[in-house]
file data_30.pdb (PDB, C-alpha atoms, pLDDT in the B column)
ATOM      1  CA  GLU Q 206      -3.376  -7.571   7.732  1.00 47.00           C
ATOM      2  CA  GLY Q 207      -2.489 -10.678   9.609  1.00 50.00           C
ATOM      3  CA  LYS Q 208      -5.618 -12.715   9.036  1.00 60.00           C
ATOM      4  CA  GLY Q 209      -4.514 -16.271   8.632  1.00 65.00           C
ATOM      5  CA  VAL Q 210      -0.964 -15.475   9.739  1.00 71.00           C
ATOM      6  CA  TRP Q 211       0.148 -17.620  12.637  1.00 72.00           C
ATOM      7  CA  HIS Q 212       3.299 -17.873  14.687  1.00 73.00           C
ATOM      8  CA  PHE Q 213       4.371 -21.336  15.761  1.00 78.00           C
ATOM      9  CA  ASP Q 214       7.225 -22.544  17.898  1.00 78.00           C
ATOM     10  CA  SER Q 215       6.552 -26.265  17.901  1.00 84.00           C
ATOM     11  CA  ALA Q 216       5.191 -29.010  15.678  1.00 87.00           C
ATOM     12  CA  GLN Q 217       2.050 -29.132  17.818  1.00 90.00           C
ATOM     13  CA  VAL Q 218       1.290 -25.422  17.363  1.00 83.00           C
ATOM     14  CA  LEU Q 219       1.981 -25.699  13.621  1.00 84.00           C
ATOM     15  CA  SER Q 220      -0.428 -28.638  13.433  1.00 87.00           C
ATOM     16  CA  GLU Q 221      -3.127 -26.641  15.241  1.00 84.00           C
ATOM     17  CA  ALA Q 222      -2.566 -23.615  13.007  1.00 80.00           C
ATOM     18  CA  LEU Q 223      -2.830 -25.693   9.831  1.00 83.00           C
ATOM     19  CA  GLN Q 224      -6.025 -27.346  11.055  1.00 82.00           C
ATOM     20  CA  ASP Q 225      -7.507 -23.948  11.854  1.00 79.00           C
ATOM     21  CA  LEU Q 226      -6.488 -22.456   8.518  1.00 76.00           C
ATOM     22  CA  THR Q 227      -7.808 -25.340   6.441  1.00 76.00           C
ATOM     23  CA  GLY Q 228     -11.085 -25.451   8.362  1.00 75.00           C
ATOM     24  CA  GLN Q 229     -12.099 -21.805   7.947  1.00 74.00           C
ATOM     25  CA  LEU Q 230     -15.617 -21.312   6.618  1.00 77.00           C
ATOM     26  CA  GLY Q 231     -15.663 -19.992   3.075  1.00 77.00           C
ATOM     27  CA  GLY Q 232     -11.978 -20.641   2.594  1.00 73.00           C
ATOM     28  CA  THR Q 233     -10.978 -21.457  -0.972  1.00 74.00           C
ATOM     29  CA  ALA Q 234      -7.187 -21.624  -0.713  1.00 71.00           C
ATOM     30  CA  ASP Q 235      -5.751 -24.971  -1.697  1.00 72.00           C
ATOM     31  CA  SER Q 236      -2.316 -24.348  -0.208  1.00 73.00           C
ATOM     32  CA  VAL Q 237      -0.544 -22.605   2.647  1.00 74.00           C
ATOM     33  CA  PHE Q 238       2.804 -20.841   2.859  1.00 73.00           C
ATOM     34  CA  VAL Q 239       5.038 -21.660   5.823  1.00 77.00           C
ATOM     35  CA  GLN Q 240       8.165 -19.649   6.511  1.00 73.00           C
ATOM     36  CA  ALA Q 241      10.684 -19.359   9.311  1.00 72.00           C
ATOM     37  CA  TRP Q 242      10.188 -16.480  11.737  1.00 68.00           C
ATOM     38  CA  ALA Q 243      13.068 -14.029  11.856  1.00 67.00           C
ATOM     39  CA  PRO Q 244      12.838 -11.660  14.843  1.00 66.00           C
ATOM     40  CA  GLY Q 245      13.103  -8.027  13.843  1.00 66.00           C
ATOM     41  CA  GLU Q 246      12.178  -8.900  10.279  1.00 78.00           C
ATOM     42  CA  VAL Q 247      11.074  -6.099   7.969  1.00 87.00           C
ATOM     43  CA  GLU Q 248       9.017  -6.719   4.851  1.00 88.00           C
ATOM     44  CA  LEU Q 249       9.563  -4.517   1.830  1.00 92.00           C
ATOM     45  CA  ARG Q 250       6.384  -4.594  -0.219  1.00 92.00           C
ATOM     46  CA  LEU Q 251       7.024  -3.479  -3.766  1.00 94.00           C
ATOM     47  CA  PHE Q 252       4.065  -2.184  -5.773  1.00 94.00           C
ATOM     48  CA  LEU Q 253       4.377  -2.542  -9.537  1.00 92.00           C
ATOM     49  CA  VAL Q 254       1.901  -0.508 -11.581  1.00 92.00           C
ATOM     50  CA  GLY Q 255       1.511  -0.690 -15.356  1.00 90.00           C
ATOM     51  CA  LEU Q 256       3.677  -3.790 -15.517  1.00 88.00           C
ATOM     52  CA  ASP Q 257       4.332  -5.212 -18.976  1.00 89.00           C
ATOM     53  CA  ALA Q 258       5.999  -8.608 -18.634  1.00 85.00           C
ATOM     54  CA  ALA Q 259       7.646  -8.221 -22.044  1.00 87.00           C
ATOM     55  CA  ARG Q 260       9.243  -4.889 -21.076  1.00 90.00           C
ATOM     56  CA  PRO Q 261      11.586  -5.156 -18.063  1.00 90.00           C
ATOM     57  CA  GLU Q 262      11.865  -1.363 -17.919  1.00 91.00           C
ATOM     58  CA  THR Q 263       8.274  -1.384 -16.555  1.00 91.00           C
ATOM     59  CA  TRP Q 264       9.260  -3.643 -13.650  1.00 91.00           C
ATOM     60  CA  ALA Q 265      10.392  -0.778 -11.407  1.00 93.00           C
ATOM     61  CA  PRO Q 266       8.302  -0.394  -8.237  1.00 94.00           C
ATOM     62  CA  ALA Q 267       5.947   2.578  -8.209  1.00 94.00           C
ATOM     63  CA  HIS Q 268       5.882   2.449  -4.407  1.00 95.00           C
ATOM     64  CA  THR Q 269       7.616   0.581  -1.591  1.00 95.00           C
ATOM     65  CA  SER Q 270       5.927  -0.079   1.730  1.00 94.00           C
ATOM     66  CA  TYR Q 271       7.964  -1.029   4.795  1.00 95.00           C
ATOM     67  CA  THR Q 272       6.157  -3.237   7.307  1.00 90.00           C
ATOM     68  CA  THR Q 273       6.794  -5.355  10.375  1.00 85.00           C
ATOM     69  CA  TRP Q 274       4.941  -7.112  13.169  1.00 74.00           C
ATOM     70  CA  LYS Q 275       5.284  -5.504  16.555  1.00 69.00           C
ATOM     71  CA  SER Q 276       3.939  -8.425  18.558  1.00 62.00           C
ATOM     72  CA  HIS Q 277       2.344 -11.828  18.517  1.00 62.00           C
ATOM     73  CA  GLU Q 278       0.233 -13.322  21.270  1.00 62.00           C
ATOM     74  CA  MET Q 279      -1.583 -16.622  21.437  1.00 59.00           C
ATOM     75  CA  HIS Q 280       0.168 -17.693  18.198  1.00 63.00           C
ATOM     76  CA  ALA Q 281      -1.387 -14.872  16.164  1.00 64.00           C
ATOM     77  CA  PHE Q 282       0.225 -11.631  15.059  1.00 65.00           C
ATOM     78  CA  HIS Q 283      -0.961  -8.267  16.312  1.00 62.00           C
ATOM     79  CA  LEU Q 284       0.077  -4.659  15.881  1.00 70.00           C
ATOM     80  CA  PHE Q 285       1.075  -4.653  12.245  1.00 77.00           C
ATOM     81  CA  ARG Q 286       3.275  -1.603  11.688  1.00 85.00           C
ATOM     82  CA  LYS Q 287       3.824   0.378   8.505  1.00 91.00           C
ATOM     83  CA  PHE Q 288       6.684   2.822   8.020  1.00 92.00           C
ATOM     84  CA  ASP Q 289       7.774   5.328   5.457  1.00 95.00           C
ATOM     85  CA  ARG Q 290      11.384   4.888   4.358  1.00 96.00           C
ATOM     86  CA  GLN Q 291      12.762   7.277   6.980  1.00 97.00           C
ATOM     87  CA  GLY Q 292      10.817   5.578   9.785  1.00 95.00           C
ATOM     88  CA  CYS Q 293      12.028   2.165   8.652  1.00 95.00           C
ATOM     89  CA  LEU Q 294      15.603   3.429   8.465  1.00 96.00           C
ATOM     90  CA  SER Q 295      15.389   4.821  11.983  1.00 95.00           C
ATOM     91  CA  GLU Q 296      13.416   2.100  13.773  1.00 90.00           C
ATOM     92  CA  CYS Q 297      14.304  -1.078  11.904  1.00 90.00           C
ATOM     93  CA  PHE Q 298      17.807  -0.412  10.561  1.00 93.00           C
ATOM     94  CA  GLN Q 299      19.072   1.779  13.419  1.00 93.00           C
ATOM     95  CA  GLY Q 300      20.046   4.475  10.904  1.00 96.00           C
ATOM     96  CA  ASP Q 301      22.199   2.162   8.765  1.00 96.00           C
ATOM     97  CA  GLU Q 302      21.514   3.690   5.337  1.00 97.00           C
ATOM     98  CA  SER Q 303      23.784   1.261   3.489  1.00 98.00           C
ATOM     99  CA  ALA Q 304      21.996  -1.766   4.992  1.00 96.00           C
ATOM    100  CA  LEU Q 305      18.558  -0.446   4.005  1.00 96.00           C
ATOM    101  CA  ALA Q 306      19.793   0.506   0.518  1.00 97.00           C
ATOM    102  CA  ASP Q 307      21.191  -3.024   0.133  1.00 97.00           C
ATOM    103  CA  ALA Q 308      17.880  -4.575   1.233  1.00 95.00           C
ATOM    104  CA  GLU Q 309      16.005  -2.386  -1.270  1.00 96.00           C
ATOM    105  CA  MET Q 310      18.420  -3.351  -4.058  1.00 96.00           C
ATOM    106  CA  GLN Q 311      17.990  -7.058  -3.276  1.00 95.00           C
ATOM    107  CA  ALA Q 312      14.197  -6.686  -3.245  1.00 93.00           C
ATOM    108  CA  ARG Q 313      14.231  -4.951  -6.653  1.00 93.00           C
ATOM    109  CA  GLU Q 314      16.543  -7.648  -8.008  1.00 94.00           C
ATOM    110  CA  LEU Q 315      14.047 -10.326  -6.982  1.00 93.00           C
ATOM    111  CA  ILE Q 316      11.429  -8.792  -9.286  1.00 93.00           C
ATOM    112  CA  GLY Q 317      13.481 -10.041 -12.231  1.00 92.00           C
ATOM    113  CA  HIS Q 318      13.143 -13.577 -10.895  1.00 93.00           C
ATOM    114  CA  TRP Q 319       9.493 -13.387  -9.812  1.00 89.00           C
ATOM    115  CA  ILE Q 320       8.057 -12.134 -13.113  1.00 90.00           C
ATOM    116  CA  PRO Q 321       9.364 -15.080 -15.175  1.00 89.00           C
ATOM    117  CA  TRP Q 322       8.311 -17.489 -12.403  1.00 89.00           C
ATOM    118  CA  LEU Q 323       4.802 -16.015 -12.283  1.00 87.00           C
ATOM    119  CA  LEU Q 324       4.528 -16.290 -16.076  1.00 86.00           C
ATOM    120  CA  ALA Q 325       5.621 -19.931 -15.875  1.00 88.00           C
ATOM    121  CA  GLN Q 326       2.681 -20.573 -13.503  1.00 86.00           C
ATOM    122  CA  SER Q 327       0.042 -18.842 -15.642  1.00 82.00           C
ATOM    123  CA  HIS Q 328      -0.232 -17.213 -19.050  1.00 75.00           C
ATOM    124  CA  GLU Q 329      -1.103 -13.871 -17.428  1.00 73.00           C
ATOM    125  CA  LEU Q 330       0.128 -11.907 -14.456  1.00 70.00           C
ATOM    126  CA  PRO Q 331      -2.114 -11.519 -11.415  1.00 65.00           C
TER     127      PRO Q 331
END
call {"tool": "encode", "arguments": {"input": "data_30.pdb", "output": "structure tokens"}}
result
Amino acid sequence: EGKGVWHFDSAQVLSEALQDLTGQLGGTADSVFVQAWAPGEVELRLFLVGLDAARPETWAPAHTSYTTWKSHEMHAFHLFRKFDRQGCLSECFQGDESALADAEMQARELIGHWIPWLLAQSHELP
């Protein structure tokens, strides 16, 4: 995790990161994704198995992974952390069950928007 993930706090650092990313040997990506850094951010990674795009009842996650970055030095991220739900609740949500449940509900709701978008980009799902 974290390869090709950079932290930037100025236009100059972003420029350097983009030059580094686009100049990597063997790289085949034709685009990059840039997003704002939110301190304390937690990523909910939803794993969909046996997905049938025509059957929304198959869009339920088979597994959810809770992840965050513990640190970043020299504009690169280090110490990628993974949690089970209870660990995420305790360490990232300070025990606020309703806040975590709301985040999980919002993440599941996004699936219903991502599947049609993905199908609009290609005739088959990745």
call {"tool": "resolve_selection", "arguments": {"input": "data_30.pdb", "expression": "the PyMOL selection byres ((chain Q and resi 312) around 10)", "output": "PyMOL selection string"}}
result
chain Q and resi 248-251+266+269+306-311+313-317
call {"tool": "write_last_selection", "arguments": {"input": "data_30.pdb", "atoms": "C-alpha atoms", "output": "PDB file, keeping the file's coordinate frame"}}
result
ATOM      1  CA  GLU Q 248       9.017  -6.719   4.851  1.00 88.00           C
ATOM      2  CA  LEU Q 249       9.563  -4.517   1.830  1.00 92.00           C
ATOM      3  CA  ARG Q 250       6.384  -4.594  -0.219  1.00 92.00           C
ATOM      4  CA  LEU Q 251       7.024  -3.479  -3.766  1.00 94.00           C
ATOM      5  CA  PRO Q 266       8.302  -0.394  -8.237  1.00 94.00           C
ATOM      6  CA  THR Q 269       7.616   0.581  -1.591  1.00 95.00           C
ATOM      7  CA  ALA Q 306      19.793   0.506   0.518  1.00 97.00           C
ATOM      8  CA  ASP Q 307      21.191  -3.024   0.133  1.00 97.00           C
ATOM      9  CA  ALA Q 308      17.880  -4.575   1.233  1.00 95.00           C
ATOM     10  CA  GLU Q 309      16.005  -2.386  -1.270  1.00 96.00           C
ATOM     11  CA  MET Q 310      18.420  -3.351  -4.058  1.00 96.00           C
ATOM     12  CA  GLN Q 311      17.990  -7.058  -3.276  1.00 95.00           C
ATOM     13  CA  ARG Q 313      14.231  -4.951  -6.653  1.00 93.00           C
ATOM     14  CA  GLU Q 314      16.543  -7.648  -8.008  1.00 94.00           C
ATOM     15  CA  LEU Q 315      14.047 -10.326  -6.982  1.00 93.00           C
ATOM     16  CA  ILE Q 316      11.429  -8.792  -9.286  1.00 93.00           C
ATOM     17  CA  GLY Q 317      13.481 -10.041 -12.231  1.00 92.00           C
TER      18      GLY Q 317
END
call {"tool": "residues_around", "arguments": {"input": "data_30.pdb", "residues": "Tyr271 (chain Q)", "least_positions_apart": "5", "cutoff": "12 Å", "atoms": "all atoms listed in the file", "output": "list in words"}}
result
Glu246, Val247, Glu248, Leu249, Arg250, Leu251, Phe252, Phe285, Arg286, Lys287, Phe288, Asp289, Arg290, Gln291, Gly292, Cys293, Leu294, Ser295, Glu296, Cys297, Phe298, Leu305, Ala308, Glu309 and Ala312 of chain Q
call {"tool": "resolve_selection", "arguments": {"input": "data_30.pdb", "expression": "the PyMOL selection byres ((chain Q and resi 222-238) around 9)", "output": "list in words"}}
result
Gly209, Val210, Trp211, His212, Phe213, Gln217, Val218, Leu219, Ser220, Glu221, Val239, Gln240 and His280 of chain Q
call {"tool": "resolve_selection", "arguments": {"input": "data_30.pdb", "expression": "the PyMOL selection byres ((chain Q and resi 329) around 12)", "output": "PyMOL selection string"}}
result
chain Q and resi 256-259+320-328+330-331
call {"tool": "atom_distance", "arguments": {"input": "data_30.pdb", "atom1": "CA of Ala265 (chain Q)", "atom2": "CA of Leu253 (chain Q)"}}
result
6.5 Å
call {"tool": "atom_distance", "arguments": {"input": "data_30.pdb", "atom1": "CA of Trp264 (chain Q)", "atom2": "CA of His318 (chain Q)"}}
result
11.0 Å
call {"tool": "atom_distance", "arguments": {"input": "data_30.pdb", "atom1": "CA of Ala241 (chain Q)", "atom2": "CA of Asp301 (chain Q)"}}
result
24.4 Å
call {"tool": "decode", "arguments": {"input": "data_30.pdb", "residues": "region 244-323 of chain Q", "atoms": "C-alpha atoms", "output": "JSON list (two decimals), in the first residue's frame"}}
result
[["chain", "number", "residue", "atom", "x", "y", "z"],
["Q", 244, "PRO", "CA", -6.35, 14.62, 8.73],
["Q", 245, "GLY", "CA", -7.69, 11.67, 10.67],
["Q", 246, "GLU", "CA", -9.33, 10.30, 7.55],
["Q", 247, "VAL", "CA", -10.46, 6.68, 7.55],
["Q", 248, "GLU", "CA", -11.02, 4.72, 4.36],
["Q", 249, "LEU", "CA", -13.75, 2.11, 4.26],
["Q", 250, "ARG", "CA", -12.83, -0.39, 1.57],
["Q", 251, "LEU", "CA", -15.85, -2.38, 0.48],
["Q", 252, "PHE", "CA", -15.24, -5.75, -1.17],
["Q", 253, "LEU", "CA", -17.98, -6.92, -3.52],
["Q", 254, "VAL", "CA", -17.84, -10.59, -4.48],
["Q", 255, "GLY", "CA", -20.11, -12.27, -7.04],
["Q", 256, "LEU", "CA", -21.38, -8.91, -8.24],
["Q", 257, "ASP", "CA", -24.03, -8.99, -10.96],
["Q", 258, "ALA", "CA", -24.56, -5.47, -12.28],
["Q", 259, "ALA", "CA", -28.12, -6.33, -13.33],
["Q", 260, "ARG", "CA", -29.04, -7.52, -9.82],
["Q", 261, "PRO", "CA", -28.65, -4.80, -7.16],
["Q", 262, "GLU", "CA", -29.24, -7.38, -4.41],
["Q", 263, "THR", "CA", -25.72, -8.68, -5.21],
["Q", 264, "TRP", "CA", -24.16, -5.27, -4.54],
["Q", 265, "ALA", "CA", -23.82, -5.82, -0.79],
["Q", 266, "PRO", "CA", -20.21, -5.86, 0.44],
["Q", 267, "ALA", "CA", -18.87, -9.28, 1.39],
["Q", 268, "HIS", "CA", -16.22, -7.60, 3.55],
["Q", 269, "THR", "CA", -15.32, -4.12, 4.75],
["Q", 270, "SER", "CA", -11.76, -3.12, 5.55],
["Q", 271, "TYR", "CA", -11.02, -0.04, 7.65],
["Q", 272, "THR", "CA", -7.73, 1.69, 6.88],
["Q", 273, "THR", "CA", -5.83, 4.89, 7.58],
["Q", 274, "TRP", "CA", -2.37, 6.38, 7.25],
["Q", 275, "LYS", "CA", -0.52, 6.82, 10.50],
["Q", 276, "SER", "CA", 2.19, 9.10, 9.15],
["Q", 277, "HIS", "CA", 3.75, 10.74, 6.15],
["Q", 278, "GLU", "CA", 7.33, 11.89, 5.86],
["Q", 279, "MET", "CA", 9.18, 13.41, 2.95],
["Q", 280, "HIS", "CA", 5.85, 13.75, 1.08],
["Q", 281, "ALA", "CA", 5.23, 9.99, 1.05],
["Q", 282, "PHE", "CA", 2.90, 8.00, 3.27],
["Q", 283, "HIS", "CA", 4.18, 5.44, 5.74],
["Q", 284, "LEU", "CA", 2.67, 3.16, 8.35],
["Q", 285, "PHE", "CA", -0.52, 2.14, 6.62],
["Q", 286, "ARG", "CA", -2.88, 0.83, 9.30],
["Q", 287, "LYS", "CA", -5.69, -1.69, 8.97],
["Q", 288, "PHE", "CA", -8.40, -2.17, 11.58],
["Q", 289, "ASP", "CA", -11.25, -4.52, 12.20],
["Q", 290, "ARG", "CA", -14.55, -2.75, 12.86],
["Q", 291, "GLN", "CA", -14.06, -2.66, 16.63],
["Q", 292, "GLY", "CA", -10.54, -1.25, 16.31],
["Q", 293, "CYS", "CA", -11.74, 1.41, 13.89],
["Q", 294, "LEU", "CA", -14.61, 2.30, 16.21],
["Q", 295, "SER", "CA", -12.24, 2.66, 19.15],
["Q", 296, "GLU", "CA", -9.26, 4.37, 17.53],
["Q", 297, "CYS", "CA", -10.76, 6.38, 14.69],
["Q", 298, "PHE", "CA", -14.29, 7.18, 15.88],
["Q", 299, "GLN", "CA", -13.54, 7.45, 19.62],
["Q", 300, "GLY", "CA", -16.30, 4.92, 20.35],
["Q", 301, "ASP", "CA", -19.01, 6.85, 18.48],
["Q", 302, "GLU", "CA", -21.04, 3.91, 17.15],
["Q", 303, "SER", "CA", -23.63, 6.11, 15.43],
["Q", 304, "ALA", "CA", -20.93, 8.03, 13.51],
["Q", 305, "LEU", "CA", -19.28, 4.81, 12.28],
["Q", 306, "ALA", "CA", -22.67, 3.29, 11.38],
["Q", 307, "ASP", "CA", -23.49, 6.46, 9.41],
["Q", 308, "ALA", "CA", -20.15, 6.31, 7.56],
["Q", 309, "GLU", "CA", -20.78, 2.64, 6.70],
["Q", 310, "MET", "CA", -24.29, 3.45, 5.46],
["Q", 311, "GLN", "CA", -22.98, 6.27, 3.26],
["Q", 312, "ALA", "CA", -20.27, 4.00, 1.84],
["Q", 313, "ARG", "CA", -22.83, 1.30, 0.98],
["Q", 314, "GLU", "CA", -25.07, 3.93, -0.60],
["Q", 315, "LEU", "CA", -22.23, 5.01, -2.89],
["Q", 316, "ILE", "CA", -22.10, 1.51, -4.41],
["Q", 317, "GLY", "CA", -25.43, 2.27, -6.09],
["Q", 318, "HIS", "CA", -23.82, 5.25, -7.80],
["Q", 319, "TRP", "CA", -20.48, 3.64, -8.65],
["Q", 320, "ILE", "CA", -21.84, 0.55, -10.42],
["Q", 321, "PRO", "CA", -23.81, 2.53, -13.04],
["Q", 322, "TRP", "CA", -20.86, 4.92, -13.46],
["Q", 323, "LEU", "CA", -18.43, 2.03, -13.96]]
